[in-house]
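Structure file input_15.cif (mmCIF, C-alpha atoms and all ligand atoms) is printed below.
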```
data_query
#
loop_
_atom_site.group_PDB
_atom_site.id
_atom_site.type_symbol
_atom_site.label_atom_id
_atom_site.label_comp_id
_atom_site.auth_asym_id
_atom_site.auth_seq_id
_atom_site.Cartn_x
_atom_site.Cartn_y
_atom_site.Cartn_z
ATOM 1 C CA VAL A 533 59.383 -76.752 -8.370
ATOM 2 C CA SER A 534 55.805 -75.876 -7.569
ATOM 3 C CA ASP A 535 54.072 -73.386 -5.294
ATOM 4 C CA ASN A 536 52.369 -76.105 -3.287
ATOM 5 C CA PRO A 537 52.793 -76.163 0.490
ATOM 6 C CA ARG A 538 55.771 -78.330 1.341
ATOM 7 C CA VAL A 539 55.512 -81.454 3.447
ATOM 8 C CA ALA A 540 58.333 -83.006 5.478
ATOM 9 C CA ARG A 541 59.800 -85.863 3.472
ATOM 10 C CA LEU A 542 59.067 -88.608 5.977
ATOM 11 C CA TYR A 543 55.362 -87.785 5.835
ATOM 12 C CA ALA A 544 55.461 -87.246 2.086
ATOM 13 C CA GLU A 545 57.009 -90.705 1.714
ATOM 14 C CA ILE A 546 54.148 -92.296 3.622
ATOM 15 C CA TYR A 547 51.537 -90.387 1.600
ATOM 16 C CA ALA A 548 53.306 -91.422 -1.613
ATOM 17 C CA GLU A 549 53.221 -95.066 -0.507
ATOM 18 C CA ASP A 550 49.498 -94.790 0.228
ATOM 19 C CA VAL A 551 48.776 -93.338 -3.216
ATOM 20 C CA THR A 552 51.001 -95.978 -4.826
ATOM 21 C CA ALA A 553 49.003 -98.703 -3.080
ATOM 22 C CA LEU A 554 45.815 -97.435 -4.754
ATOM 23 C CA ILE A 555 47.190 -98.200 -8.225
ATOM 24 C CA ALA A 556 49.980 -100.773 -7.810
ATOM 25 C CA ASP A 557 47.853 -103.763 -8.884
ATOM 26 C CA VAL A 558 46.941 -102.109 -12.210
ATOM 27 C CA CYS A 559 50.554 -101.173 -13.013
ATOM 28 C CA GLU A 560 53.318 -103.316 -14.492
ATOM 29 C CA ARG A 561 55.564 -101.094 -12.463
ATOM 30 C CA VAL A 562 55.185 -97.949 -10.379
ATOM 31 C CA ASP A 563 57.870 -95.886 -8.643
ATOM 32 C CA VAL A 564 58.137 -92.699 -6.667
ATOM 33 C CA ALA A 565 60.159 -90.022 -8.461
ATOM 34 C CA GLY A 566 60.788 -86.314 -7.887
ATOM 35 C CA SER A 567 61.961 -84.736 -4.664
ATOM 36 C CA ILE A 568 60.751 -87.619 -2.494
ATOM 37 C CA ARG A 569 63.031 -90.030 -4.356
ATOM 38 C CA ARG A 570 65.843 -87.478 -4.174
ATOM 39 C CA GLU A 571 65.385 -87.498 -0.391
ATOM 40 C CA SER A 572 64.874 -83.739 -0.249
ATOM 41 C CA GLU A 573 63.987 -82.394 3.178
ATOM 42 C CA THR A 574 60.528 -81.409 2.014
ATOM 43 C CA ALA A 575 58.314 -82.276 -0.937
ATOM 44 C CA GLY A 576 55.747 -80.043 -2.639
ATOM 45 C CA ASP A 577 54.053 -82.848 -4.518
ATOM 46 C CA ILE A 578 53.957 -86.591 -5.005
ATOM 47 C CA GLU A 579 55.495 -87.550 -8.333
ATOM 48 C CA LEU A 580 54.897 -91.089 -9.545
ATOM 49 C CA VAL A 581 56.016 -92.925 -12.670
ATOM 50 C CA ALA A 582 53.845 -95.845 -13.725
ATOM 51 C CA ALA A 583 53.655 -98.353 -16.555
ATOM 52 C CA PRO A 584 49.960 -99.207 -16.877
ATOM 53 C CA LYS A 585 48.719 -102.772 -17.231
ATOM 54 C CA LEU A 586 46.988 -103.140 -20.569
ATOM 55 C CA GLU A 587 44.447 -105.803 -21.364
ATOM 56 C CA THR A 588 43.620 -106.766 -24.929
ATOM 57 C CA TRP A 589 40.505 -108.582 -26.031
ATOM 58 C CA VAL A 590 39.513 -109.892 -29.420
ATOM 59 C CA VAL A 591 35.937 -108.883 -30.155
ATOM 60 C CA PRO A 592 33.674 -109.432 -33.171
ATOM 61 C CA ASP A 593 33.852 -106.705 -35.793
ATOM 62 C CA GLY A 594 30.876 -107.001 -38.109
ATOM 63 C CA MET A 595 29.701 -110.408 -39.277
ATOM 64 C CA PHE A 596 32.943 -112.171 -40.115
ATOM 65 C CA ASP A 597 35.803 -110.119 -38.720
ATOM 66 C CA THR A 598 37.382 -109.600 -35.340
ATOM 67 C CA LYS A 599 39.325 -106.704 -33.922
ATOM 68 C CA GLU A 600 41.483 -106.121 -30.885
ATOM 69 C CA VAL A 601 40.343 -103.774 -28.146
ATOM 70 C CA THR A 602 42.820 -102.636 -25.520
ATOM 71 C CA ALA A 603 41.840 -101.398 -22.094
ATOM 72 C CA ASN A 604 44.211 -99.357 -19.954
ATOM 73 C CA LEU A 605 43.558 -100.696 -16.454
ATOM 74 C CA LEU A 606 45.316 -97.774 -14.778
ATOM 75 C CA LEU A 607 43.139 -95.173 -16.513
ATOM 76 C CA ASN A 608 40.051 -97.177 -15.563
ATOM 77 C CA ARG A 609 41.270 -97.263 -11.957
ATOM 78 C CA LEU A 610 41.808 -93.485 -11.923
ATOM 79 C CA ASP A 611 38.188 -93.049 -13.029
ATOM 80 C CA GLU A 612 37.049 -95.258 -10.147
ATOM 81 C CA LEU A 613 39.273 -93.578 -7.556
ATOM 82 C CA VAL A 614 38.144 -90.091 -8.538
ATOM 83 C CA ALA A 615 34.490 -91.184 -8.601
ATOM 84 C CA GLY A 616 34.938 -92.645 -5.102
ATOM 85 C CA GLY A 617 36.770 -89.589 -3.762
ATOM 86 C CA GLU A 618 39.958 -91.515 -2.915
ATOM 87 C CA LEU A 619 41.819 -89.254 -5.317
ATOM 88 C CA LEU A 620 40.558 -85.941 -6.641
ATOM 89 C CA ASP A 621 41.070 -84.144 -9.885
ATOM 90 C CA HIS A 622 43.375 -81.218 -9.214
ATOM 91 C CA PRO A 623 41.091 -78.345 -8.134
ATOM 92 C CA THR A 624 42.634 -75.554 -10.220
ATOM 93 C CA ASP A 625 44.449 -77.364 -13.033
ATOM 94 C CA PRO A 626 42.951 -80.836 -13.511
ATOM 95 C CA LYS A 627 44.617 -83.070 -16.096
ATOM 96 C CA ARG A 628 43.774 -86.646 -16.910
ATOM 97 C CA GLY A 629 45.404 -87.736 -20.153
ATOM 98 C CA GLU A 630 46.981 -90.985 -21.304
ATOM 99 C CA ARG A 631 50.464 -90.005 -20.261
ATOM 100 C CA TYR A 632 49.945 -87.525 -17.458
ATOM 101 C CA ALA A 633 47.417 -86.949 -14.712
ATOM 102 C CA LYS A 634 47.426 -84.087 -12.225
ATOM 103 C CA LEU A 635 45.461 -85.103 -9.162
ATOM 104 C CA LEU A 636 45.080 -84.264 -5.505
ATOM 105 C CA ASP A 637 45.480 -86.675 -2.614
ATOM 106 C CA PRO A 638 42.647 -85.706 -0.234
ATOM 107 C CA LYS A 639 44.380 -87.324 2.772
ATOM 108 C CA SER A 640 47.497 -85.170 2.608
ATOM 109 C CA GLY A 641 46.272 -82.294 0.457
ATOM 110 C CA MET A 642 49.300 -82.933 -1.763
ATOM 111 C CA GLN A 643 49.307 -82.613 -5.511
ATOM 112 C CA VAL A 644 49.897 -85.917 -7.307
ATOM 113 C CA ASP A 645 51.745 -85.879 -10.631
ATOM 114 C CA LEU A 646 51.327 -89.229 -12.322
ATOM 115 C CA PHE A 647 53.539 -89.840 -15.361
ATOM 116 C CA MET A 648 52.388 -92.863 -17.325
ATOM 117 C CA VAL A 649 54.816 -94.696 -19.589
ATOM 118 C CA LEU A 650 53.416 -95.881 -22.908
ATOM 119 C CA PRO A 651 55.330 -96.659 -26.097
ATOM 120 C CA PRO A 652 57.414 -95.142 -27.598
ATOM 121 C CA ALA A 653 58.521 -93.896 -24.170
ATOM 122 C CA GLU A 654 60.758 -96.181 -22.124
ATOM 123 C CA TYR A 655 60.353 -96.587 -18.381
ATOM 124 C CA GLY A 656 64.008 -95.999 -17.488
ATOM 125 C CA VAL A 657 64.163 -92.672 -19.326
ATOM 126 C CA ILE A 658 60.934 -91.344 -17.810
ATOM 127 C CA HIS A 659 61.943 -92.502 -14.320
ATOM 128 C CA LEU A 660 65.289 -90.756 -14.630
ATOM 129 C CA ILE A 661 63.919 -87.501 -16.063
ATOM 130 C CA ARG A 662 61.015 -87.312 -13.613
ATOM 131 C CA THR A 663 63.318 -87.913 -10.667
ATOM 132 C CA GLY A 664 65.003 -84.597 -11.431
ATOM 133 C CA SER A 665 66.134 -82.278 -10.162
ATOM 134 C CA ALA A 666 65.062 -80.174 -13.129
ATOM 135 C CA ARG A 667 68.647 -78.985 -13.415
ATOM 136 C CA TYR A 668 70.044 -82.540 -13.316
ATOM 137 C CA SER A 669 67.570 -83.777 -15.932
ATOM 138 C CA GLU A 670 68.470 -80.883 -18.204
ATOM 139 C CA TRP A 671 72.158 -81.613 -17.705
ATOM 140 C CA PHE A 672 71.574 -85.297 -18.398
ATOM 141 C CA VAL A 673 69.776 -84.697 -21.685
ATOM 142 C CA THR A 674 72.617 -82.425 -22.825
ATOM 143 C CA GLU A 675 75.210 -84.937 -21.655
ATOM 144 C CA CYS A 676 73.469 -87.631 -23.739
ATOM 145 C CA ARG A 677 74.292 -85.614 -26.868
ATOM 146 C CA ARG A 678 77.926 -85.387 -25.848
ATOM 147 C CA HIS A 679 77.972 -89.176 -25.467
ATOM 148 C CA GLY A 680 76.409 -89.721 -28.888
ATOM 149 C CA TYR A 681 72.772 -90.202 -27.926
ATOM 150 C CA HIS A 682 69.605 -88.153 -27.784
ATOM 151 C CA VAL A 683 66.308 -88.316 -25.958
ATOM 152 C CA LYS A 684 63.094 -88.089 -27.939
ATOM 153 C CA ASP A 685 59.522 -88.755 -26.829
ATOM 154 C CA GLY A 686 60.714 -90.280 -23.575
ATOM 155 C CA ALA A 687 63.110 -92.722 -25.227
ATOM 156 C CA LEU A 688 66.852 -92.913 -25.825
ATOM 157 C CA HIS A 689 68.071 -92.873 -29.431
ATOM 158 C CA LYS A 690 71.532 -93.257 -30.929
ATOM 159 C CA GLY A 691 73.229 -90.218 -32.454
ATOM 160 C CA GLY A 692 74.435 -86.980 -30.908
ATOM 161 C CA LEU A 693 72.814 -84.846 -33.589
ATOM 162 C CA GLY A 694 69.231 -85.797 -32.770
ATOM 163 C CA CYS A 695 66.619 -87.370 -35.017
ATOM 164 C CA VAL A 696 68.265 -86.428 -38.296
ATOM 165 C CA ALA A 697 66.892 -89.268 -40.376
ATOM 166 C CA GLN A 698 63.813 -91.402 -40.423
ATOM 167 C CA GLY A 699 63.917 -94.617 -38.473
ATOM 168 C CA CYS A 700 65.573 -93.559 -35.233
ATOM 169 C CA GLU A 701 65.008 -96.602 -33.079
ATOM 170 C CA ALA A 702 64.525 -96.463 -29.326
ATOM 171 C CA ILE A 703 67.176 -98.258 -27.286
ATOM 172 C CA PRO A 704 65.366 -100.510 -24.790
ATOM 173 C CA THR A 705 65.848 -99.028 -21.316
ATOM 174 C CA PRO A 706 63.405 -100.749 -18.973
ATOM 175 C CA THR A 707 65.205 -99.301 -15.933
ATOM 176 C CA GLU A 708 67.236 -96.229 -15.130
ATOM 177 C CA SER A 709 70.388 -98.376 -14.898
ATOM 178 C CA HIS A 710 69.941 -99.288 -18.561
ATOM 179 C CA VAL A 711 70.026 -95.581 -19.465
ATOM 180 C CA TYR A 712 73.301 -95.029 -17.620
ATOM 181 C CA ALA A 713 74.783 -98.244 -19.013
ATOM 182 C CA ALA A 714 73.754 -97.473 -22.615
ATOM 183 C CA THR A 715 75.063 -93.890 -22.611
ATOM 184 C CA GLY A 716 78.113 -94.431 -20.422
ATOM 185 C CA ILE A 717 77.155 -91.384 -18.371
ATOM 186 C CA ARG A 718 78.440 -91.613 -14.807
ATOM 187 C CA PHE A 719 75.753 -92.817 -12.391
ATOM 188 C CA THR A 720 74.683 -90.328 -9.737
ATOM 189 C CA PRO A 721 72.582 -91.570 -6.807
ATOM 190 C CA ALA A 722 69.150 -89.934 -6.709
ATOM 191 C CA HIS A 723 69.810 -88.016 -3.480
ATOM 192 C CA LEU A 724 72.763 -86.226 -5.097
ATOM 193 C CA ARG A 725 70.956 -85.171 -8.275
HETATM 194 ZN ZN ZN B 801 65.944 -89.958 -32.661
#
```
Written as structure tokens, how would this file's structure read?
Ligand SMILES: [Zn+2]
Amino acid sequence: VSDNPRVARLYAEIYAEDVTALIADVCERVDVAGSIRRESETAGDIELVAAPKLETWVVPDGMFDTKEVTANLLLNRLDELVAGGELLDHPTDPKRGERYAKLLDPKSGMQVDLFMVLPPAEYGVIHLIRTGSARYSEWFVTECRRHGYHVKDGALHKGGLGCVAQGCEAIPTPTESHVYAATGIRFTPAHLR
């Protein structure tokens, strides 16, 4: 819940689609989350979850060696979009990290929260948690414990007691459905969360 002016969902949906279109080609996957996905009447911001496309090159390292260099195409695109004024850094609280960017969509005036999924985080977990509501996500994380799992660094791990030992391995959850299936927690459609 933010203090931003609220926009009727139908408009917010269109704005979210427009912002998504600016980055879709540099994402393995990108989805709308938050109140727009929950079909709330109004939305205070545009919340997106994205898995960036990464590109790795092998480049010379000294005379005889090579090394791998990885470029994050989504971060590069954000640089371009902000430089071109198609997206703006948030005017009062700008954030542009590897996993989270807080931006402003100049067309709608809406805040854009972009959550970027990089290992060890798993897409399904981040999509579920960022869909909210805050209360549902909190409930879900607690419910995971009851079902013998825990959430750490955006990934699902086995064991209701949390990361008690070294070597907690993330359970692959490429989609939200995988999270429900793995934990056995009853599925709730986004608009009822
Ligand atoms: Zn763990």
Could you list, as a ChimeraX atom specification, all residues that come within 7 Å of ligand ZN 801 (chain B)? Count only C-alpha atoms and all ligand atoms. /A:682-684,689-690,694-695,700-701
So, counting only C-alpha atoms, which residue among A:His710, A:His622, A:Lys599, A:Arg570 is closest to Arg541 in chain A? A:Arg570
Atom-to-atom span, CA of Ile578 in chain A and CA of Asp563 in chain A, Å: 10.7 Å
Report the residues retrieved by the PyMOL selection byres (((chain A and resi 654) around 9) and not hetatm) from the displayed file, expressed as number ranges by chain. A: 649-653, 655-659, 685-688, 702-707
Rounded to one decimal in Å, what is the spacing between CA of Gly692 in chain A and CA of Val581 in chain A? 26.6 Å
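The space separating CA of Gly691 in chain A from CA of Ala582 in chain A comes to 27.5 Å.
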So what does the PyMOL selection byres (((chain A and resi 629) around 10) and not hetatm) actually pick up in this one, as a JSON list (two decimals) with C-alpha atoms, keeping the file's coordinate frame?
```json
[["chain", "number", "residue", "atom", "x", "y", "z"],
["A", 607, "LEU", "CA", 43.14, -95.17, -16.51],
["A", 626, "PRO", "CA", 42.95, -80.84, -13.51],
["A", 627, "LYS", "CA", 44.62, -83.07, -16.10],
["A", 628, "ARG", "CA", 43.77, -86.65, -16.91],
["A", 630, "GLU", "CA", 46.98, -90.98, -21.30],
["A", 631, "ARG", "CA", 50.46, -90.00, -20.26],
["A", 632, "TYR", "CA", 49.94, -87.52, -17.46],
["A", 633, "ALA", "CA", 47.42, -86.95, -14.71],
["A", 634, "LYS", "CA", 47.43, -84.09, -12.22],
["A", 646, "LEU", "CA", 51.33, -89.23, -12.32],
["A", 647, "PHE", "CA", 53.54, -89.84, -15.36],
["A", 648, "MET", "CA", 52.39, -92.86, -17.32]]
```
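Counting only C-alpha atoms, the residue from A:Arg725, A:Arg561, A:Lys585, A:Arg538 that sits nearest to Leu660 in chain A is A:Arg725.
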What residues come out when you apply the PyMOL selection byres (((chain A and resi 722) around 9) and not hetatm) to this file, written as a PyMOL selection string? chain A and resi 569-571+660+663-665+720-721+723-725
Which residues are near Thr588 in chain A? Cut-off 12 Å, all atoms listed in the file, ignore same chain within fewer than 5 positions. Put them as a PyMOL selection string. chain A and resi 599-605
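Minimum atom-to-atom distances from A:Arg662, A:Arg718, A:Lys639, A:His679 to Tyr547 in chain A were compared using only C-alpha atoms, and the lowest value belongs to A:Lys639.
The shortest atom-to-atom distance to Asn608 in chain A, with all atoms listed in the file taken into account, belongs to A:Leu586 out of A:Val539, A:Val562, A:Ala666, A:Leu586.
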